[in-house]
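See below for the structure under consideration.
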Amino acid sequence: NGKRSVALGQSRDNVWTMQALFADDQLRQRTAWALAQIFPISPIALSAFWLETEQFVHYYDIFVRNAFGNYRDILRDVSYSYVMGEMLGHLGGFSGPYVYRTQSERISFADENYAREVMQLFSVGLIMLNLDGTPITDTDGNVIETYSNVDITSYAKAWTGFNYQLPRGNIEDRGTNANRLDPMRLIADYRDPFPKTDLNNGFIGDKYPLCVDFPQNAFLSKGSTYRLLGSSPVPDLFLDTFRTPETSDYVVLQSSDLYEALCNKNAAGECQFDKVSVTLPDNLRCSGIECDVDTLRVVQVGEMYFEYVRPPCVQLSFYKNPRTIRGRSGSWGSLCANPLLPEASEACCETNRLTRAYRNCAYVGERLTAATAADRCVDGLVTCDFTSVRTSDINCDRHLDAYHWRNGTCSIQVKVQDTGQVSLVHAPTDTIVEPNLQQEASNFFSVQWSGNRFPTSASGCGLCTTLTTGECLCDTELVERSVFRRLPSSATSVLNRLYIAVSENQFDSTLYTNTMEIDENLKAYYGSECCDEATVFQVTEARTGRSFLLKNLESRIYLSGEVDDPISVGRPPRFSFRNPPHFLSFNRYEMTVRDSQYETEAVLESYFYHGNVAPFIGLRLCQRFGFSNPSPSFLERVATAFQTGTYTSGGLEFGTGNYGDLAATVAAILLDEEATTDYLEMDPTYGSLQEPLLKYLKILRSMELKTFDQFPFVELDRLEGEIGQMAHEIPSVFSFFLPEYAPPGAVSNAGLTAPEAQILTTPKTIALMNGMYSVFKAGLTDCDGGLSTNVPGNCRDSGEGIYEVSTAKLEYIPPSNIDTALTEIYTLLTSGRMTAVNAATIKSAVETVAAEDYDKAVRLAQQLTVSSPEFHGTSIPLTTSTPRPQLPDPSPPQEPYKAVIHFMLSGGMDSYQLLVPHSGCTGTDMYAQYADIRGSIALPKSSLNQISTTGQICSTFGLHPNFPFLRDLYDSGDALFVANAGVMTKDVNADNYRDETITNLFAHNAMRGEIKTLDPYVIVPDTAPLGRFADAVVDNFGVRAVSIDTNVIGLTGRIDVAPPVYSIDRGGITPYNEEESIGNMTTVVRELNGQSQTGTGLYVETFSKVFMEAIDQTKLLSEILDTTDVTTIFPITTIGRRLELLAKVMKSREAMGIERDVFYVEMGGFDTHAAVENRLEDLFTALNDALEKFVIELRDEQGIWDSVTIIETSDFARTLTPNGGLGTDHAWGGHMFIAGGSVDGGKILGEFPTDMTTEGTLNVGRGRLIPTTPFDSAFNAVAEWFGIPEEKLIEVLPNRNSFTARPLLTQADVFEM
């Protein structure tokens, strides 16, 4: 049709841009954009389909659809989203119990990635918050962490079992036959059925009713739900396997109350199946077979089938009179089961043959309680301890995968670790036990021990049995009793002490003699007097509005054998813990999708209703709506609107009144007095920097962009790479910038944040300015720095006011009077914030042009307006017309050159796959330890590149086979390792590391941020180690700091002494405004961003400072680097291009007068939560090839390798034990390398762990090892080599004196002397 085609991968951006520019519901679109940055997905992490469109826009529609809905719905939709599952690893995740049972009892753990990020980023955050967002502190003034790694491990178990939906038509699929659109499905068999703790010292499943409390024929009770399956009887929410596939597990209904309810007859008496589910409004009477069964699974009504969906409920891990159940043959393991639950099928024996059982079922897959199963044994048959099951009814024989009740009793024990975690042990009368309930299994979980007292092997296990594996095996005793003996005084006390609910649909208040309303949030129902175990409390949680019916009952487990009476007065307290609830049955054939969904919903509830969510999410939304640092009172009002679900302004009420309502929350942000009071703009801390993408869109909207007829879409191109932002192009789960980012200078000094400043780098600032100028001058194009694409043609056909190669133009028509036009432009582009000083500067520049070419004058006014700080922030600049100082011209170097490169392998490199113990080990076979704990991800010994060392537990180690060049550097003496290094506050051990470590351990942003500062006590705020290196020598050398293809956080020095910090993208240098509209335009721009007065807006000051530095740096670097090139051919990979650029910059050292260089460069991708070995093979190959060429260039071509030191770090190492996805999770101590021509290499410094087992003293769980060498130690040696004098080392490494266990490394340890 003559219309322009769209490149694959571009359409999703076009869809978003068209909506952002032209949709009628702009506030909804704006809110969706804010939410999308809280729940980011990155195409970088979705390489399998990163070019596709539908998956991205479908995910984004979660936020459009729920922009004014409820936050809980967003949390649920995101958690079930395929793209989120793909990015954060819970797609396809196996639980430890599943792997143990199906893979020869291999020990593994659930992938922790989503469990960590959903809390850290999407719900509760890292530290406990008051409603106004201020931190909650302990009595010593220390902030309190919201969760621990134990919590993450527990929650991770609930994020297993997610898998993609089955393929279907009508979705975008480029030949992979995968359904990436529909919500993920749950595979119950993959789940972990064991109890899981929550963030409130309780369990997932607390305050749910007990399944055992449901009445007989509960499937006929009010509130019971039946899902329409259609013409197929195959259920969706549970799985049964039959010997003959044509037989299914259903009951035929013909005439009963249930039949009538499901049939829903019309006037003609015909069934009308017009609802996808039917919920019973009242209790129904049973009829026929319904009266004979304990539960239903699938029922047939006419030609249609319905699946019975039992309401959510939990089981307790311990119960009275446990009975043995087992499968139909001797090869099946046995386990204990609650005889009051329909957990198994019947099995009846002849009295003279008690080993062979027969079935007598009402329908094929029938499950029964133990009593009903016994009633089925008629005609001389009795219950028995069978060894095999046959049938007297061929229809019953078709059910294969089910357990059967036996006569034998069963006992439930606990295996207790020295940490207090327990694992359940079932001891049936059979010798073969279900694998995950055997004594050898390790499905440990936390419980709430009374007084935090529990038996330990170190104390002899008390009256329990000490196992050879180091745990205590204990018998148990169940005690149930009332909690309140008299009426409680408050709802809070009830909520804090009662955990077992009564189903609302099955509660009948008329059965109670007395009702007492204690207060507006608490009511008691009881008999003749209060209170006993039958008492029920109706309680409302004031903060969330949730209402519960709670039983006055405590179920507690005592370790038996210590004393006769567990509650006698004067006796020593016994070891005890609360009976843990769980959603999924331990009987693997009763683990259902239904209960998996219920458990997932309960997990989401535990996040959603946490007290942190309102202030945490409120702050994130405030920041995305232009308030980087809302006052505590402002944030409290926003958080209150989130919690109450209502907000009133101007007589209008917003919200539904439900906790988590986003309409109320957004209204509270936008209509609050702090948001709408004009004079607050004069407060220098008010407002924010504006997002670069929103700034560009503001131009297109306010200046009335219109596409030409043959171009139906507004096509923006390369924005994420050019300006740092674009929808569907978010770089990582941490979005475009960190909410807590504070740029050095005025913002940081004031203790504030400016998240958007994290991408306010030189290259991105210049690209944005050029792009904005270009759209004013020539419409949408890629000419002259434009941020779009051209029509076929050449930029020589373009120019100011010429649109030959443009796809759209701005059609804003200004008033004919220049003064009126300027005022209108200021209003449209700066919301009227233009100061008189800058308005006068712009008018002076524009007036002369207006006399000759009015249209050109308008374009110039637009360009100068967007060059002013008023356009880029929402506070008022107090500038002078005095330009800021410019960079001096470089002087020739006088001193010998040295350079330090901080090489960050971001994501957390699994360095125990890089450096592996091999042979020659003292006292133990360390490779065997490595292979045992790493399991299926262990590298074969024969594949390793061997290196030798002295002074370590082994004399021979092995390096990863895909990193041979590091072995070559090591063998040639140009590289060494520092073993078990990491971020540390001080020397710690397993007992005190949590209390003595300031850093939020195991979190990417916290630990990577600490590496970039090495200043846990904030002695030298907002500075980086290499920034302080540069500060320490700036008086004596020509110093340069350069960040390659990232922001400058890793090189920041003290603002008053630091040398210039350059940021260069791997694409090279883009000149600033090469085609100026007037000859002195840059001079005018400098005046607009002149030196500030006291009281200026901090955010606009931040912009002006960066912008002016960017102009100077771009001019200098482009002049020098344009004439500089390298000889070596580098690999065409991301890290190859970065190291090539780094080598090119180093070659420019003499032209720029540099004697000391500090560099920061990153390589990403090391967050290997899945398929760690496949990922590392690719990553190490790319790193190997790029590093080799880099060294060749510096050594053989530039001759400076002896003057260069590379110090490598990573966020953290990873767990020694793999997870179910053959990946590894966040850990702590790992191995780093240092390389350079002056390095005294060929050795391993630090201390390689001498015990890699789970019992090692450094292991704090799952093979997370405490580091024994701080990163400060390695940087100390490099600092000395760099020429930093002894007296300045404490300034460079302010925490160096906190480590006394072993001396810091020195220049003599690491370098040739």
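A note on labels: chains of the structure tokens are A, B, ... as shown, every chain counts residues from 1, and ligands are counted from 1 in their shown order.
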Nearby residues (only C-alpha atoms) at most 12 Å from stretch 1219-1222 of chain A, same-chain spacing under 3 positions excluded, as number ranges by chain: A: 86, 88-100, 102-103, 106-113, 153, 156-157, 159-162, 190-192, 933-938, 1168-1175, 1214-1216, 1225-1226, 1262-1263
Requested write-out: C-alpha atoms of the selected residues, as a short mmCIF file (atom, residue, chain, number, x, y, z; two decimals), in the first residue's frame:
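And here is the file that came out, part-v3.cif:
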data_model
loop_
_atom_site.label_atom_id
_atom_site.label_comp_id
_atom_site.auth_asym_id
_atom_site.auth_seq_id
_atom_site.Cartn_x
_atom_site.Cartn_y
_atom_site.Cartn_z
CA GLU A 86 12.05 -16.80 31.75
CA LEU A 88 14.08 -14.56 36.70
CA GLY A 89 14.29 -18.31 36.47
CA HIS A 90 11.15 -19.76 38.02
CA LEU A 91 10.02 -21.04 34.63
CA GLY A 92 10.74 -24.76 34.55
CA GLY A 93 12.06 -24.85 38.11
CA PHE A 94 12.20 -28.18 39.94
CA SER A 95 11.93 -28.49 43.70
CA GLY A 96 14.51 -30.31 45.79
CA PRO A 97 12.05 -33.10 46.71
CA TYR A 98 11.20 -33.72 43.05
CA VAL A 99 14.86 -33.96 42.05
CA TYR A 100 15.64 -36.17 45.05
CA THR A 102 13.38 -38.73 40.42
CA GLN A 103 17.15 -38.34 40.08
CA ARG A 106 20.43 -36.13 44.20
CA ILE A 107 20.42 -33.18 46.60
CA SER A 108 19.42 -29.89 44.99
CA PHE A 109 17.67 -26.68 45.94
CA ALA A 110 15.05 -24.45 44.41
CA ASP A 111 16.21 -21.58 42.21
CA GLU A 112 16.23 -18.51 44.47
CA ASN A 113 16.22 -15.78 41.86
CA THR A 153 15.37 -20.27 50.58
CA ALA A 156 12.07 -20.27 46.65
CA LYS A 157 10.44 -23.63 47.32
CA TRP A 159 8.31 -20.77 43.12
CA THR A 160 8.88 -24.24 41.71
CA GLY A 161 6.62 -26.13 39.33
CA PHE A 162 5.95 -23.26 36.91
CA TYR A 190 7.54 -30.41 40.50
CA ARG A 191 6.49 -28.53 43.65
CA ASP A 192 7.89 -28.71 47.14
CA ILE A 933 28.86 -30.64 46.67
CA ARG A 934 28.63 -29.37 43.09
CA GLY A 935 26.97 -32.56 41.94
CA SER A 936 25.86 -32.56 38.32
CA ILE A 937 27.47 -29.18 37.54
CA ALA A 938 30.96 -30.24 38.64
CA THR A 1168 23.69 -17.89 36.35
CA HIS A 1169 20.59 -19.12 38.18
CA ALA A 1170 20.04 -21.71 35.47
CA ALA A 1171 22.29 -23.84 33.25
CA VAL A 1172 25.40 -22.40 34.88
CA GLU A 1173 27.87 -24.49 32.96
CA ASN A 1174 26.41 -23.77 29.54
CA ARG A 1175 26.36 -20.08 30.38
CA ARG A 1214 27.53 -18.46 44.03
CA THR A 1215 26.21 -21.34 46.07
CA LEU A 1216 28.32 -24.46 45.93
CA ASP A 1225 22.30 -18.86 43.46
CA HIS A 1226 23.67 -15.81 45.25
CA ARG A 1262 23.85 -24.04 50.68
CA GLY A 1263 27.56 -23.56 50.22
#
For A:Ile617, work out the shell of residues within 12 Å, counting only C-alpha atoms and skipping chain neighbours fewer than 2 positions away, then give it as number ranges by chain. A: 34-35, 37-39, 71-72, 75, 119-125, 129, 131-133, 607-608, 610-615, 619-624, 635-636, 638-643, 660-662, 665-666, 669, 739
Which residues come within 8 Å of stretch 270-286 of chain A, counting only C-alpha atoms, excluding same-chain residues fewer than 4 positions away, as a PyMOL selection string? chain A and resi 217+220-228+256-258+261-266+290-291+302
Using C-alpha atoms, can you export the residues from the last selection as a CSV table (one decimal), in the first residue's frame?
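Dumped everything to result_0.csv:
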chain,number,residue,atom,x,y,z
A,217,ASN,CA,-20.0,-34.1,51.9
A,220,LEU,CA,-22.2,-30.0,48.6
A,221,SER,CA,-21.5,-27.1,51.0
A,222,LYS,CA,-22.1,-23.5,50.3
A,223,GLY,CA,-19.2,-21.9,48.4
A,224,SER,CA,-18.1,-25.1,46.7
A,225,THR,CA,-17.0,-24.5,43.1
A,226,TYR,CA,-17.4,-26.6,40.0
A,227,ARG,CA,-15.4,-25.7,36.9
A,228,LEU,CA,-16.8,-26.5,33.5
A,256,SER,CA,-30.0,-34.5,42.6
A,257,ASP,CA,-29.7,-31.0,44.0
A,258,LEU,CA,-26.2,-30.9,42.7
A,261,ALA,CA,-27.4,-26.5,40.3
A,262,LEU,CA,-25.0,-27.5,37.6
A,263,CYS,CA,-27.6,-28.1,34.9
A,264,ASN,CA,-29.1,-24.6,35.3
A,265,LYS,CA,-32.2,-25.5,33.2
A,266,ASN,CA,-33.8,-22.9,31.0
A,290,GLU,CA,-23.2,-38.5,46.6
A,291,CYS,CA,-24.1,-39.8,50.0
A,302,GLY,CA,-25.8,-34.5,30.6
Excluding same-chain residues fewer than 5 positions from stretch 827-838 of chain A, what lies within 9 Å of it counting only C-alpha atoms, as an MDAnalysis selection string? chainID A and resid 681 695 698:699 702:703 822 843 862 865:866 868:881 1087:1089
May I have the selected residues written with N, CA, C and O atoms, as a tab-separated table (two decimals), in the first residue's frame?
chain	number	residue	atom	x	y	z
A	681	GLU	N	8.28	24.63	44.23
A	681	GLU	CA	9.31	24.50	43.20
A	681	GLU	C	10.56	25.29	43.54
A	681	GLU	O	11.64	25.03	43.01
A	695	LYS	N	11.18	13.22	28.40
A	695	LYS	CA	11.53	14.54	27.87
A	695	LYS	C	11.37	14.58	26.36
A	695	LYS	O	10.82	15.54	25.80
A	698	LYS	N	7.73	14.50	25.48
A	698	LYS	CA	7.10	15.78	25.78
A	698	LYS	C	7.22	16.72	24.58
A	698	LYS	O	6.27	17.43	24.22
A	699	ILE	N	8.37	16.70	23.95
A	699	ILE	CA	8.56	17.53	22.76
A	699	ILE	C	7.59	17.10	21.66
A	699	ILE	O	6.90	17.92	21.04
A	702	SER	N	3.88	18.01	22.83
A	702	SER	CA	3.55	19.43	22.98
A	702	SER	C	3.78	20.21	21.69
A	702	SER	O	3.10	21.21	21.43
A	703	MET	N	4.70	19.75	20.88
A	703	MET	CA	4.97	20.43	19.61
A	703	MET	C	4.23	19.78	18.44
A	703	MET	O	4.53	20.03	17.29
A	822	LEU	N	7.57	32.93	22.64
A	822	LEU	CA	8.52	32.43	23.63
A	822	LEU	C	7.80	32.03	24.91
A	822	LEU	O	8.07	30.96	25.48
A	843	LYS	N	15.88	35.11	24.60
A	843	LYS	CA	15.30	36.18	23.79
A	843	LYS	C	16.38	36.95	23.04
A	843	LYS	O	16.23	37.27	21.86
A	862	GLN	N	13.07	26.86	20.49
A	862	GLN	CA	12.76	25.52	20.99
A	862	GLN	C	14.03	24.78	21.42
A	862	GLN	O	14.09	24.15	22.48
A	865	THR	N	15.39	26.32	24.61
A	865	THR	CA	14.54	26.00	25.76
A	865	THR	C	14.85	24.61	26.29
A	865	THR	O	14.97	24.40	27.50
A	866	VAL	N	15.02	23.65	25.38
A	866	VAL	CA	15.33	22.29	25.86
A	866	VAL	C	16.79	22.16	26.27
A	866	VAL	O	17.18	21.14	26.82
A	868	SER	N	17.99	24.38	28.35
A	868	SER	CA	17.99	25.02	29.67
A	868	SER	C	17.75	24.00	30.75
A	868	SER	O	17.08	22.99	30.54
A	869	PRO	N	18.27	24.22	31.95
A	869	PRO	CA	18.02	23.28	33.05
A	869	PRO	C	16.54	23.20	33.42
A	869	PRO	O	16.09	22.17	33.94
A	870	GLU	N	15.78	24.28	33.15
A	870	GLU	CA	14.36	24.27	33.49
A	870	GLU	C	13.60	23.14	32.79
A	870	GLU	O	12.61	22.64	33.31
A	871	PHE	N	14.06	22.76	31.60
A	871	PHE	CA	13.39	21.70	30.86
A	871	PHE	C	13.68	20.33	31.45
A	871	PHE	O	12.86	19.42	31.34
A	872	HIS	N	14.81	20.15	32.09
A	872	HIS	CA	15.29	18.82	32.47
A	872	HIS	C	14.97	18.43	33.90
A	872	HIS	O	15.13	17.27	34.27
A	873	GLY	N	14.51	19.38	34.70
A	873	GLY	CA	14.14	19.07	36.07
A	873	GLY	C	12.88	19.82	36.45
A	873	GLY	O	12.39	20.67	35.70
A	874	THR	N	12.36	19.50	37.62
A	874	THR	CA	11.11	20.13	38.03
A	874	THR	C	11.31	21.10	39.19
A	874	THR	O	10.35	21.48	39.85
A	875	SER	N	12.56	21.47	39.44
A	875	SER	CA	12.81	22.53	40.41
A	875	SER	C	13.36	23.74	39.66
A	875	SER	O	13.61	23.69	38.46
A	876	ILE	N	13.55	24.85	40.36
A	876	ILE	CA	13.93	26.11	39.72
A	876	ILE	C	15.44	26.32	39.83
A	876	ILE	O	16.00	26.29	40.93
A	877	PRO	N	16.11	26.56	38.71
A	877	PRO	CA	17.54	26.87	38.77
A	877	PRO	C	17.76	28.33	39.11
A	877	PRO	O	17.04	29.21	38.64
A	878	LEU	N	18.73	28.58	39.93
A	878	LEU	CA	19.16	29.96	40.21
A	878	LEU	C	20.54	30.12	39.61
A	878	LEU	O	21.56	29.92	40.28
A	879	THR	N	20.58	30.38	38.32
A	879	THR	CA	21.85	30.44	37.61
A	879	THR	C	22.25	31.88	37.34
A	879	THR	O	21.45	32.81	37.37
A	880	THR	N	23.52	32.02	37.08
A	880	THR	CA	24.04	33.30	36.60
A	880	THR	C	24.40	33.11	35.13
A	880	THR	O	24.41	31.99	34.61
A	881	SER	N	24.70	34.18	34.48
A	881	SER	CA	25.11	34.07	33.08
A	881	SER	C	26.60	33.79	32.94
A	881	SER	O	27.12	33.73	31.82
A	1087	GLU	N	25.69	29.77	28.66
A	1087	GLU	CA	25.11	30.82	29.51
A	1087	GLU	C	23.85	30.31	30.21
A	1087	GLU	O	23.61	30.62	31.37
A	1088	LEU	N	23.05	29.55	29.47
A	1088	LEU	CA	21.83	29.02	30.08
A	1088	LEU	C	22.13	28.07	31.24
A	1088	LEU	O	21.31	27.90	32.14
A	1089	ASN	N	23.28	27.44	31.20
A	1089	ASN	CA	23.67	26.48	32.23
A	1089	ASN	C	24.87	27.00	33.01
A	1089	ASN	O	25.79	26.27	33.35
Restrict the calculation to only C-alpha atoms, then for each residue of stretch 1251-1307 of chain A with any atom at most 12 Å from an atom of stretch 1138-1161 of chain A give the closest atom pair and their distance in Å to one decimal, rows by chain and rising residue number, as CSV.
residue,atom,partner,partner_atom,distance
A:Val1278,CA,A:Val1158,CA,11.5
A:Ala1279,CA,A:Val1158,CA,11.1
A:Trp1281,CA,A:Arg1156,CA,11.7
A:Phe1282,CA,A:Arg1156,CA,8.2
A:Gly1283,CA,A:Arg1156,CA,9.5
A:Ile1284,CA,A:Arg1156,CA,11.2
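Checking A:Ala218, A:Ile171, A:Leu768, A:Val314 one by one against A:Gly785, counting only C-alpha atoms, you find the shortest gap at A:Leu768.
For A:Tyr912, the list of residues within 8 Å, based on only C-alpha atoms and with local chain neighbours fewer than 2 positions off taken out, reads Asp910, Leu914, Leu915, Val916, Ala1213, Arg1214, Leu1216, Gly1230 and His1231 of chain A.
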Could you turn the residues from that selection into a file that holds C-alpha atoms, as a PDB file, in the first residue's frame?
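And here's out24.pdb as it stands now:
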ATOM      1  CA  ASP A 910      30.508 -18.587  39.888  1.00  0.00           C
ATOM      2  CA  LEU A 914      36.783 -20.802  37.463  1.00  0.00           C
ATOM      3  CA  LEU A 915      39.252 -22.013  40.098  1.00  0.00           C
ATOM      4  CA  VAL A 916      38.825 -25.670  41.108  1.00  0.00           C
ATOM      5  CA  ALA A1213      30.352 -15.944  44.270  1.00  0.00           C
ATOM      6  CA  ARG A1214      27.535 -18.459  44.027  1.00  0.00           C
ATOM      7  CA  LEU A1216      28.317 -24.462  45.932  1.00  0.00           C
ATOM      8  CA  GLY A1230      34.745 -16.274  45.875  1.00  0.00           C
ATOM      9  CA  HIS A1231      37.949 -15.993  43.903  1.00  0.00           C
TER      10      HIS A1231
END
